[in-house]
$ cat coords_29.txt   # compact mmCIF, N, CA and C atoms
# COMPACT_ATOMS: atom_id res chain seq x y z
N GLN A 1 85.37 81.76 116.03
CA GLN A 1 84.71 82.41 114.92
C GLN A 1 84.71 83.92 115.15
N VAL A 2 85.33 84.65 114.24
CA VAL A 2 85.38 86.10 114.36
C VAL A 2 84.01 86.69 114.05
N GLN A 3 83.58 87.61 114.88
CA GLN A 3 82.32 88.32 114.63
C GLN A 3 82.57 89.82 114.59
N LEU A 4 81.98 90.46 113.60
CA LEU A 4 82.02 91.91 113.49
C LEU A 4 80.57 92.39 113.46
N VAL A 5 80.23 93.27 114.37
CA VAL A 5 78.84 93.72 114.48
C VAL A 5 78.78 95.23 114.30
N GLU A 6 78.13 95.65 113.21
CA GLU A 6 78.00 97.07 112.93
C GLU A 6 76.75 97.63 113.61
N SER A 7 76.80 98.91 113.89
CA SER A 7 75.63 99.62 114.42
C SER A 7 75.79 101.10 114.09
N GLY A 8 74.71 101.84 114.26
CA GLY A 8 74.77 103.27 114.06
C GLY A 8 74.18 103.78 112.75
N GLY A 9 73.79 102.86 111.89
CA GLY A 9 73.20 103.30 110.63
C GLY A 9 71.82 103.90 110.84
N GLY A 10 71.29 104.51 109.80
CA GLY A 10 69.96 105.11 109.91
C GLY A 10 69.75 106.14 108.83
N LEU A 11 68.79 107.00 109.07
CA LEU A 11 68.41 108.05 108.13
C LEU A 11 68.97 109.38 108.61
N VAL A 12 69.62 110.09 107.71
CA VAL A 12 70.17 111.40 108.03
C VAL A 12 69.91 112.34 106.85
N GLN A 13 69.73 113.60 107.15
CA GLN A 13 69.53 114.57 106.09
C GLN A 13 70.86 114.96 105.47
N ALA A 14 70.82 115.38 104.24
CA ALA A 14 72.03 115.84 103.57
C ALA A 14 72.67 116.96 104.39
N GLY A 15 73.99 116.86 104.55
CA GLY A 15 74.72 117.81 105.36
C GLY A 15 74.86 117.40 106.81
N GLY A 16 74.14 116.36 107.20
CA GLY A 16 74.16 115.90 108.57
C GLY A 16 75.30 114.93 108.84
N SER A 17 75.32 114.42 110.07
CA SER A 17 76.39 113.52 110.51
C SER A 17 75.83 112.24 111.07
N LEU A 18 76.67 111.21 111.00
CA LEU A 18 76.30 109.90 111.53
C LEU A 18 77.60 109.21 111.94
N ARG A 19 77.56 108.41 112.98
CA ARG A 19 78.74 107.64 113.37
C ARG A 19 78.40 106.16 113.39
N LEU A 20 79.14 105.42 112.60
CA LEU A 20 78.98 103.97 112.57
C LEU A 20 80.00 103.33 113.51
N SER A 21 79.60 102.22 114.10
CA SER A 21 80.49 101.47 114.99
C SER A 21 80.60 100.03 114.50
N CYS A 22 81.74 99.44 114.73
CA CYS A 22 81.97 98.03 114.41
C CYS A 22 82.65 97.39 115.61
N ALA A 23 81.93 96.53 116.30
CA ALA A 23 82.48 95.84 117.46
C ALA A 23 83.00 94.48 117.05
N ALA A 24 84.26 94.22 117.35
CA ALA A 24 84.90 92.95 117.00
C ALA A 24 84.90 92.02 118.20
N SER A 25 84.78 90.72 117.93
CA SER A 25 84.76 89.73 119.00
C SER A 25 86.17 89.38 119.49
N GLU A 26 87.18 89.91 118.79
CA GLU A 26 88.56 89.68 119.20
C GLU A 26 89.30 91.02 119.24
N SER A 27 90.48 90.97 119.80
CA SER A 27 91.29 92.17 119.85
C SER A 27 91.55 92.69 118.44
N ILE A 28 91.45 94.00 118.31
CA ILE A 28 91.72 94.62 117.01
C ILE A 28 93.12 94.28 116.53
N PHE A 29 94.03 94.09 117.46
CA PHE A 29 95.43 93.82 117.09
C PHE A 29 95.62 92.41 116.54
N SER A 30 94.58 91.58 116.60
CA SER A 30 94.67 90.26 115.97
C SER A 30 94.48 90.35 114.46
N PHE A 31 94.11 91.52 113.98
CA PHE A 31 93.94 91.76 112.55
C PHE A 31 95.08 92.64 112.05
N ASN A 32 95.37 92.55 110.77
CA ASN A 32 96.39 93.40 110.17
C ASN A 32 95.80 94.75 109.74
N ALA A 33 94.55 94.74 109.34
CA ALA A 33 93.91 95.97 108.91
C ALA A 33 92.40 95.84 109.11
N MET A 34 91.77 96.97 109.28
CA MET A 34 90.31 97.01 109.36
C MET A 34 89.81 98.17 108.50
N GLY A 35 88.60 98.03 108.04
CA GLY A 35 88.09 99.07 107.17
C GLY A 35 86.59 99.05 107.03
N TRP A 36 86.11 100.05 106.32
CA TRP A 36 84.67 100.16 106.00
C TRP A 36 84.51 100.12 104.49
N TYR A 37 83.53 99.37 104.05
CA TYR A 37 83.15 99.29 102.65
C TYR A 37 81.67 99.64 102.57
N ARG A 38 81.22 99.95 101.36
CA ARG A 38 79.79 100.21 101.19
C ARG A 38 79.32 99.69 99.83
N GLN A 39 78.04 99.40 99.78
CA GLN A 39 77.45 98.91 98.54
C GLN A 39 76.09 99.55 98.36
N ALA A 40 75.99 100.31 97.30
CA ALA A 40 74.72 100.94 96.93
C ALA A 40 73.95 100.02 96.01
N PRO A 41 72.64 100.17 95.92
CA PRO A 41 71.84 99.30 95.04
C PRO A 41 72.34 99.33 93.61
N GLY A 42 72.54 98.17 93.05
CA GLY A 42 72.98 98.06 91.67
C GLY A 42 74.44 98.36 91.43
N LYS A 43 75.18 98.56 92.51
CA LYS A 43 76.60 98.88 92.36
C LYS A 43 77.45 97.86 93.10
N GLN A 44 78.73 97.84 92.74
CA GLN A 44 79.66 96.94 93.40
C GLN A 44 80.07 97.50 94.77
N ARG A 45 80.47 96.60 95.64
CA ARG A 45 80.96 97.02 96.94
C ARG A 45 82.27 97.79 96.74
N GLU A 46 82.42 98.90 97.45
CA GLU A 46 83.60 99.73 97.29
C GLU A 46 84.21 100.08 98.64
N LEU A 47 85.51 100.30 98.62
CA LEU A 47 86.22 100.70 99.83
C LEU A 47 85.86 102.14 100.18
N VAL A 48 85.58 102.37 101.45
CA VAL A 48 85.33 103.71 101.96
C VAL A 48 86.57 104.22 102.70
N ALA A 49 87.04 103.43 103.65
CA ALA A 49 88.21 103.82 104.45
C ALA A 49 88.82 102.56 105.04
N ARG A 50 90.13 102.60 105.20
CA ARG A 50 90.85 101.42 105.70
C ARG A 50 92.07 101.88 106.46
N VAL A 51 92.38 101.16 107.54
CA VAL A 51 93.53 101.54 108.34
C VAL A 51 94.25 100.30 108.85
N SER A 52 95.56 100.37 108.85
CA SER A 52 96.37 99.29 109.40
C SER A 52 96.31 99.35 110.92
N THR A 53 96.25 98.21 111.57
CA THR A 53 96.21 98.19 113.02
C THR A 53 97.58 98.42 113.64
N SER A 54 98.62 98.41 112.82
CA SER A 54 99.97 98.65 113.34
C SER A 54 100.37 100.11 113.25
N GLY A 55 99.46 100.94 112.78
CA GLY A 55 99.75 102.36 112.69
C GLY A 55 99.85 102.82 111.25
N GLY A 56 100.12 104.08 111.05
CA GLY A 56 100.19 104.62 109.71
C GLY A 56 98.90 105.31 109.33
N PRO A 57 98.94 106.09 108.29
CA PRO A 57 97.76 106.86 107.88
C PRO A 57 96.67 105.97 107.30
N ALA A 58 95.45 106.41 107.45
CA ALA A 58 94.33 105.69 106.87
C ALA A 58 94.20 106.02 105.39
N ASN A 59 93.59 105.12 104.67
CA ASN A 59 93.28 105.35 103.26
C ASN A 59 91.79 105.63 103.12
N TYR A 60 91.47 106.61 102.30
CA TYR A 60 90.07 106.96 102.08
C TYR A 60 89.76 106.99 100.59
N ALA A 61 88.52 106.65 100.28
CA ALA A 61 88.05 106.85 98.91
C ALA A 61 88.02 108.35 98.64
N ASP A 62 88.32 108.73 97.42
CA ASP A 62 88.33 110.16 97.07
C ASP A 62 86.98 110.81 97.37
N SER A 63 85.92 110.06 97.21
CA SER A 63 84.57 110.62 97.38
C SER A 63 84.25 110.98 98.83
N VAL A 64 85.03 110.47 99.78
CA VAL A 64 84.72 110.76 101.20
C VAL A 64 85.83 111.51 101.90
N LYS A 65 86.94 111.74 101.22
CA LYS A 65 88.05 112.46 101.85
C LYS A 65 87.61 113.83 102.35
N GLY A 66 88.03 114.13 103.58
CA GLY A 66 87.66 115.41 104.17
C GLY A 66 86.30 115.42 104.83
N ARG A 67 85.52 114.36 104.63
CA ARG A 67 84.19 114.29 105.23
C ARG A 67 84.07 113.13 106.23
N PHE A 68 84.71 112.02 105.93
CA PHE A 68 84.63 110.82 106.79
C PHE A 68 85.95 110.62 107.51
N THR A 69 85.86 110.07 108.71
CA THR A 69 87.06 109.76 109.49
C THR A 69 86.92 108.38 110.10
N ILE A 70 87.93 107.55 109.88
CA ILE A 70 87.96 106.23 110.49
C ILE A 70 88.82 106.29 111.75
N SER A 71 88.35 105.62 112.79
CA SER A 71 89.11 105.61 114.04
C SER A 71 88.81 104.31 114.78
N ARG A 72 89.52 104.09 115.86
CA ARG A 72 89.28 102.88 116.62
C ARG A 72 89.54 103.11 118.09
N ASP A 73 88.88 102.31 118.89
CA ASP A 73 89.11 102.27 120.34
C ASP A 73 89.63 100.89 120.66
N ASN A 74 90.93 100.78 120.85
CA ASN A 74 91.55 99.47 121.03
C ASN A 74 91.02 98.75 122.28
N ALA A 75 90.77 99.50 123.32
CA ALA A 75 90.31 98.89 124.57
C ALA A 75 88.92 98.27 124.42
N LYS A 76 88.13 98.85 123.52
CA LYS A 76 86.77 98.34 123.30
C LYS A 76 86.68 97.42 122.09
N ASN A 77 87.81 97.19 121.43
CA ASN A 77 87.80 96.36 120.21
C ASN A 77 86.77 96.87 119.21
N THR A 78 86.71 98.17 119.07
CA THR A 78 85.68 98.79 118.24
C THR A 78 86.30 99.78 117.27
N MET A 79 85.78 99.75 116.06
CA MET A 79 86.19 100.68 115.01
C MET A 79 85.01 101.59 114.69
N TYR A 80 85.31 102.81 114.30
CA TYR A 80 84.26 103.77 114.01
C TYR A 80 84.43 104.39 112.63
N LEU A 81 83.33 104.90 112.12
CA LEU A 81 83.37 105.71 110.92
C LEU A 81 82.50 106.94 111.19
N GLN A 82 83.15 108.08 111.34
CA GLN A 82 82.44 109.32 111.53
C GLN A 82 82.14 109.91 110.16
N MET A 83 80.86 110.08 109.89
CA MET A 83 80.42 110.59 108.59
C MET A 83 79.88 112.00 108.79
N ASN A 84 80.54 112.97 108.21
CA ASN A 84 80.10 114.36 108.27
C ASN A 84 79.75 114.85 106.88
N SER A 85 78.98 115.92 106.83
CA SER A 85 78.58 116.52 105.54
C SER A 85 78.05 115.44 104.60
N ALA A 86 77.14 114.63 105.11
CA ALA A 86 76.62 113.50 104.33
C ALA A 86 75.93 113.97 103.06
N LYS A 87 76.06 113.17 102.02
CA LYS A 87 75.46 113.45 100.72
C LYS A 87 74.53 112.30 100.34
N PRO A 88 73.52 112.57 99.52
CA PRO A 88 72.62 111.49 99.09
C PRO A 88 73.38 110.33 98.45
N GLU A 89 74.47 110.62 97.77
CA GLU A 89 75.25 109.54 97.14
C GLU A 89 76.00 108.68 98.14
N ASP A 90 75.97 109.04 99.41
CA ASP A 90 76.55 108.19 100.45
C ASP A 90 75.58 107.08 100.87
N THR A 91 74.36 107.14 100.37
CA THR A 91 73.37 106.12 100.71
C THR A 91 73.83 104.74 100.24
N ALA A 92 73.90 103.81 101.18
CA ALA A 92 74.39 102.45 100.87
C ALA A 92 74.30 101.61 102.14
N VAL A 93 74.55 100.33 101.97
CA VAL A 93 74.79 99.46 103.12
C VAL A 93 76.28 99.51 103.41
N TYR A 94 76.61 99.79 104.63
CA TYR A 94 78.01 99.91 105.05
C TYR A 94 78.43 98.65 105.79
N TYR A 95 79.58 98.12 105.38
CA TYR A 95 80.09 96.88 105.95
C TYR A 95 81.43 97.11 106.62
N CYS A 96 81.59 96.49 107.76
CA CYS A 96 82.86 96.47 108.46
C CYS A 96 83.68 95.28 107.95
N ASN A 97 84.96 95.48 107.81
CA ASN A 97 85.84 94.43 107.31
C ASN A 97 87.09 94.34 108.15
N ALA A 98 87.56 93.11 108.36
CA ALA A 98 88.82 92.90 109.05
C ALA A 98 89.66 91.90 108.27
N ASP A 99 90.92 92.21 108.14
CA ASP A 99 91.83 91.37 107.35
C ASP A 99 92.91 90.80 108.26
N ARG A 100 93.19 89.53 108.06
CA ARG A 100 94.24 88.88 108.84
C ARG A 100 95.23 88.24 107.89
N LEU A 101 96.42 88.75 107.88
CA LEU A 101 97.55 88.22 107.09
C LEU A 101 97.29 88.27 105.59
N GLY A 102 96.33 89.04 105.16
CA GLY A 102 96.02 89.10 103.75
C GLY A 102 95.40 87.81 103.23
N ILE A 103 95.06 86.94 104.14
CA ILE A 103 94.50 85.63 103.77
C ILE A 103 93.06 85.50 104.23
N TYR A 104 92.82 85.89 105.46
CA TYR A 104 91.48 85.74 106.03
C TYR A 104 90.78 87.10 106.04
N ASN A 105 89.57 87.08 105.53
CA ASN A 105 88.78 88.30 105.42
C ASN A 105 87.46 88.09 106.16
N TYR A 106 87.14 89.00 107.04
CA TYR A 106 85.92 88.89 107.83
C TYR A 106 85.02 90.08 107.56
N TRP A 107 83.71 89.81 107.53
CA TRP A 107 82.74 90.86 107.24
C TRP A 107 81.65 90.90 108.30
N GLY A 108 81.15 92.10 108.55
CA GLY A 108 79.96 92.24 109.37
C GLY A 108 78.72 92.05 108.52
N GLN A 109 77.58 92.16 109.16
CA GLN A 109 76.31 91.92 108.46
C GLN A 109 75.83 93.14 107.68
N GLY A 110 76.44 94.28 107.94
CA GLY A 110 76.08 95.50 107.24
C GLY A 110 75.06 96.34 107.99
N THR A 111 75.13 97.64 107.77
CA THR A 111 74.16 98.56 108.36
C THR A 111 73.76 99.60 107.31
N GLN A 112 72.48 99.83 107.20
CA GLN A 112 71.96 100.72 106.16
C GLN A 112 72.13 102.18 106.55
N VAL A 113 72.66 102.95 105.63
CA VAL A 113 72.74 104.40 105.78
C VAL A 113 71.96 105.03 104.64
N THR A 114 71.02 105.88 104.98
CA THR A 114 70.23 106.57 103.97
C THR A 114 70.33 108.07 104.20
N VAL A 115 70.76 108.79 103.17
CA VAL A 115 70.91 110.24 103.25
C VAL A 115 69.84 110.87 102.37
N SER A 116 68.97 111.61 102.99
CA SER A 116 67.86 112.24 102.25
C SER A 116 68.28 113.63 101.78
N SER A 117 67.78 114.00 100.62
CA SER A 117 68.13 115.31 100.05
C SER A 117 67.16 116.38 100.49

$ encode --input "coords_29.txt" --output "C-alpha cells"
Amino acid sequence: QVQLVESGGGLVQAGGSLRLSCAASESIFSFNAMGWYRQAPGKQRELVARVSTSGGPANYADSVKGRFTISRDNAKNTMYLQMNSAKPEDTAVYYCNADRLGIYNYWGQGTQVTVSS
C-alpha cells in the first residue's frame, strides 16, 4: 500500500515562505510523476505543480509560477514544494499526488496552508 505523508503546512503571513514535504513509502522512481494539488473551500482541487520522475521541466499553475518551486530528494523518497511570496489566495489544503503508469493515482491526507493578509 503506497503511502504519501505531507508535512510543513501552517500559518504564514502574506509575502512569507513555507516549505511543504511529501514523504513516500516507496522509491520516487516507482512513480511516473509526482505533484502538488490544492483545494480551497468551495473550490475544486487544482494542480499546483507537477514533475516527471524521469526528468524534464516541471509544470506549474500560472498563479504560482515564479513563486513556488517543486523539487525532490530521491535518496529520501521525498518531494518538496517551496512556497515563496505567499498570497492570501494560496490558502488551501495542499495534497501530494503520485501517478503510476497513468492508471494508479495516490494521494496524501493533505496539509493546511493559511496565508494571512

$ closest_residue --input "coords_29.txt" --among "A:Asn74, A:Gln1, A:Gln82, A:Thr69" --to "Trp107 (chain A)" --atoms "only C-alpha atoms"
A:Gln1

$ residues_near_point --input "coords_29.txt" --point "(74.2, 116.0, 100.6)" --cutoff "10 Å" --atoms "only C-alpha atoms" --output "number ranges by chain"
A: 12-16, 84-91, 115-117

$ closest_residue --input "coords_29.txt" --among "A:Ser30, A:Ser25, A:Gln39, A:Ser71" --to "Tyr94 (chain A)" --atoms "only N, CA and C atoms"
A:Gln39

$ select_by_dssp --input "coords_29.txt" --residues "region 37-109 of chain A" --states "strand (DSSP E)" --output "MDAnalysis selection string"
chainID A and resid 37:39 46:52 59:60 68:73 78:83 92:100 104:107

$ atom_distance --input "coords_29.txt" --atom1 "CA of Arg100 (chain A)" --atom2 "CA of Ala33 (chain A)"
7.1 Å

$ closest_residue --input "coords_29.txt" --among "A:Leu18, A:Ala98, A:Phe68, A:Gly9" --to "Phe31 (chain A)" --atoms "only C-alpha atoms"
A:Ala98

$ closest_atom_pairs --input "coords_29.txt" --of "region 10-49 of chain A" --to "region 53-62 of chain A" --cutoff "12 Å" --atoms "only C-alpha atoms" --output "CSV"
residue,atom,partner,partner_atom,distance
A:Ser27,CA,A:Thr53,CA,10.3
A:Ile28,CA,A:Thr53,CA,7.0
A:Phe29,CA,A:Thr53,CA,6.0
A:Ser30,CA,A:Thr53,CA,8.6
A:Phe31,CA,A:Thr53,CA,6.8
A:Asn32,CA,A:Thr53,CA,5.6
A:Ala33,CA,A:Thr53,CA,5.2
A:Met34,CA,A:Thr53,CA,7.0
A:Gly35,CA,A:Asn59,CA,9.0
A:Trp36,CA,A:Tyr60,CA,9.5
A:Tyr37,CA,A:Ala61,CA,9.8
A:Arg38,CA,A:Ala61,CA,10.8
A:Glu46,CA,A:Ala61,CA,8.6
A:Leu47,CA,A:Ala61,CA,6.5
A:Val48,CA,A:Ala61,CA,5.2
A:Ala49,CA,A:Tyr60,CA,4.4

$ atom_distance --input "coords_29.txt" --atom1 "atom C of Thr114 (chain A)" --atom2 "CA of Gly42 (chain A)"
16.3 Å

$ closest_residue --input "coords_29.txt" --among "A:Ser21, A:Ser52, A:Gln3, A:Asn77" --to "Tyr106 (chain A)" --atoms "only C-alpha atoms"
A:Gln3

$ atom_distance --input "coords_29.txt" --atom1 "atom C of Arg45 (chain A)" --atom2 "atom C of Ala23 (chain A)"
20.6 Å

$ decode --input "coords_29.txt" --residues "region 5-117 of chain A" --atoms "C-alpha atoms" --output "short mmCIF file (atom, residue, chain, number, x, y, z; two decimals), in the first residue's frame"
data_model
loop_
_atom_site.label_atom_id
_atom_site.label_comp_id
_atom_site.auth_asym_id
_atom_site.auth_seq_id
_atom_site.Cartn_x
_atom_site.Cartn_y
_atom_site.Cartn_z
CA VAL A 5 2.59 11.80 4.06
CA GLU A 6 2.58 15.58 3.80
CA SER A 7 4.02 17.94 6.38
CA GLY A 8 5.08 21.55 6.69
CA GLY A 9 1.76 23.29 6.42
CA GLY A 10 0.75 26.08 8.77
CA LEU A 11 0.09 29.78 9.05
CA VAL A 12 2.25 32.28 7.20
CA GLN A 13 1.93 35.99 6.60
CA ALA A 14 1.50 37.35 3.11
CA GLY A 15 4.89 37.66 1.46
CA GLY A 16 6.33 34.92 3.62
CA SER A 17 7.65 31.47 2.78
CA LEU A 18 6.74 27.91 3.62
CA ARG A 19 8.12 24.54 2.54
CA LEU A 20 5.88 21.53 2.23
CA SER A 21 7.23 17.99 2.26
CA CYS A 22 5.76 14.75 0.96
CA ALA A 23 7.37 11.53 2.14
CA ALA A 24 6.61 8.47 0.02
CA SER A 25 6.65 4.91 1.34
CA GLU A 26 8.28 3.72 -1.89
CA SER A 27 11.02 4.90 -4.16
CA ILE A 28 10.07 8.01 -6.08
CA PHE A 29 11.22 6.23 -9.22
CA SER A 30 8.39 3.72 -8.82
CA PHE A 31 6.07 6.53 -9.93
CA ASN A 32 5.91 8.19 -13.34
CA ALA A 33 5.12 11.62 -11.96
CA MET A 34 4.55 13.39 -8.68
CA GLY A 35 2.89 16.66 -7.94
CA TRP A 36 1.12 19.03 -5.59
CA TYR A 37 -2.53 19.94 -5.79
CA ARG A 38 -4.59 22.26 -3.62
CA GLN A 39 -8.22 22.76 -2.73
CA ALA A 40 -9.62 25.93 -1.27
CA PRO A 41 -13.02 26.00 0.48
CA GLY A 42 -15.83 25.85 -2.03
CA LYS A 43 -13.47 25.29 -4.94
CA GLN A 44 -12.34 22.32 -6.97
CA ARG A 45 -8.99 20.70 -6.42
CA GLU A 46 -6.42 22.21 -8.78
CA LEU A 47 -2.92 21.38 -9.93
CA VAL A 48 -0.18 23.49 -8.36
CA ALA A 49 2.97 21.84 -9.71
CA ARG A 50 3.89 18.50 -11.24
CA VAL A 51 7.10 16.86 -12.34
CA SER A 52 8.02 13.68 -14.13
CA THR A 53 10.32 11.40 -12.18
CA SER A 54 12.25 10.62 -15.36
CA GLY A 55 13.38 14.20 -15.77
CA GLY A 56 12.23 17.19 -17.75
CA PRO A 57 10.86 20.54 -16.66
CA ALA A 58 8.17 20.85 -14.05
CA ASN A 59 4.73 22.20 -14.83
CA TYR A 60 3.28 24.98 -12.71
CA ALA A 61 -0.08 26.64 -12.45
CA ASP A 62 0.09 30.17 -13.83
CA SER A 63 -0.92 31.52 -10.43
CA VAL A 64 2.24 30.17 -8.74
CA LYS A 65 4.85 30.49 -11.48
CA GLY A 66 7.91 32.33 -10.26
CA ARG A 67 6.87 31.92 -6.62
CA PHE A 68 6.67 28.16 -6.00
CA THR A 69 9.28 25.52 -6.75
CA ILE A 70 8.79 21.76 -6.80
CA SER A 71 11.78 19.56 -6.06
CA ARG A 72 12.63 16.13 -4.77
CA ASP A 73 15.24 14.25 -2.79
CA ASN A 74 15.45 10.83 -4.38
CA ALA A 75 17.50 9.34 -1.56
CA LYS A 76 14.85 10.33 0.97
CA ASN A 77 11.88 9.45 -1.26
CA THR A 78 10.61 12.94 -0.53
CA MET A 79 9.12 15.67 -2.66
CA TYR A 80 9.00 19.32 -1.68
CA LEU A 81 7.09 22.45 -2.53
CA GLN A 82 8.89 25.67 -1.70
CA MET A 83 6.35 28.46 -1.43
CA ASN A 84 7.71 32.00 -1.59
CA SER A 85 5.94 35.36 -1.74
CA ALA A 86 2.82 33.70 -0.36
CA LYS A 87 -0.53 35.34 -1.07
CA PRO A 88 -3.85 35.02 0.79
CA GLU A 89 -5.26 33.29 -2.29
CA ASP A 90 -2.75 30.49 -1.75
CA THR A 91 -4.76 29.46 1.32
CA ALA A 92 -5.92 25.88 0.79
CA VAL A 93 -5.37 22.28 1.74
CA TYR A 94 -2.37 21.04 -0.19
CA TYR A 95 -2.23 17.44 -1.35
CA CYS A 96 0.66 15.36 -2.55
CA ASN A 97 -0.03 13.14 -5.55
CA ALA A 98 1.81 10.29 -7.21
CA ASP A 99 0.94 8.74 -10.53
CA ARG A 100 1.91 5.29 -11.74
CA LEU A 101 1.51 4.44 -15.42
CA GLY A 102 -1.34 6.90 -15.75
CA ILE A 103 -3.53 4.26 -14.14
CA TYR A 104 -2.86 4.36 -10.43
CA ASN A 105 -3.22 7.61 -8.54
CA TYR A 106 -2.16 8.03 -4.94
CA TRP A 107 -2.96 10.89 -2.59
CA GLY A 108 -1.72 12.10 0.75
CA GLN A 109 -4.02 13.19 3.54
CA GLY A 110 -3.43 16.87 2.88
CA THR A 111 -1.87 19.69 4.86
CA GLN A 112 -3.48 23.05 5.57
CA VAL A 113 -1.77 26.22 4.43
CA THR A 114 -3.19 29.52 5.59
CA VAL A 115 -1.79 32.84 4.37
CA SER A 116 -2.86 35.85 6.40
CA SER A 117 -3.08 39.31 4.88
#
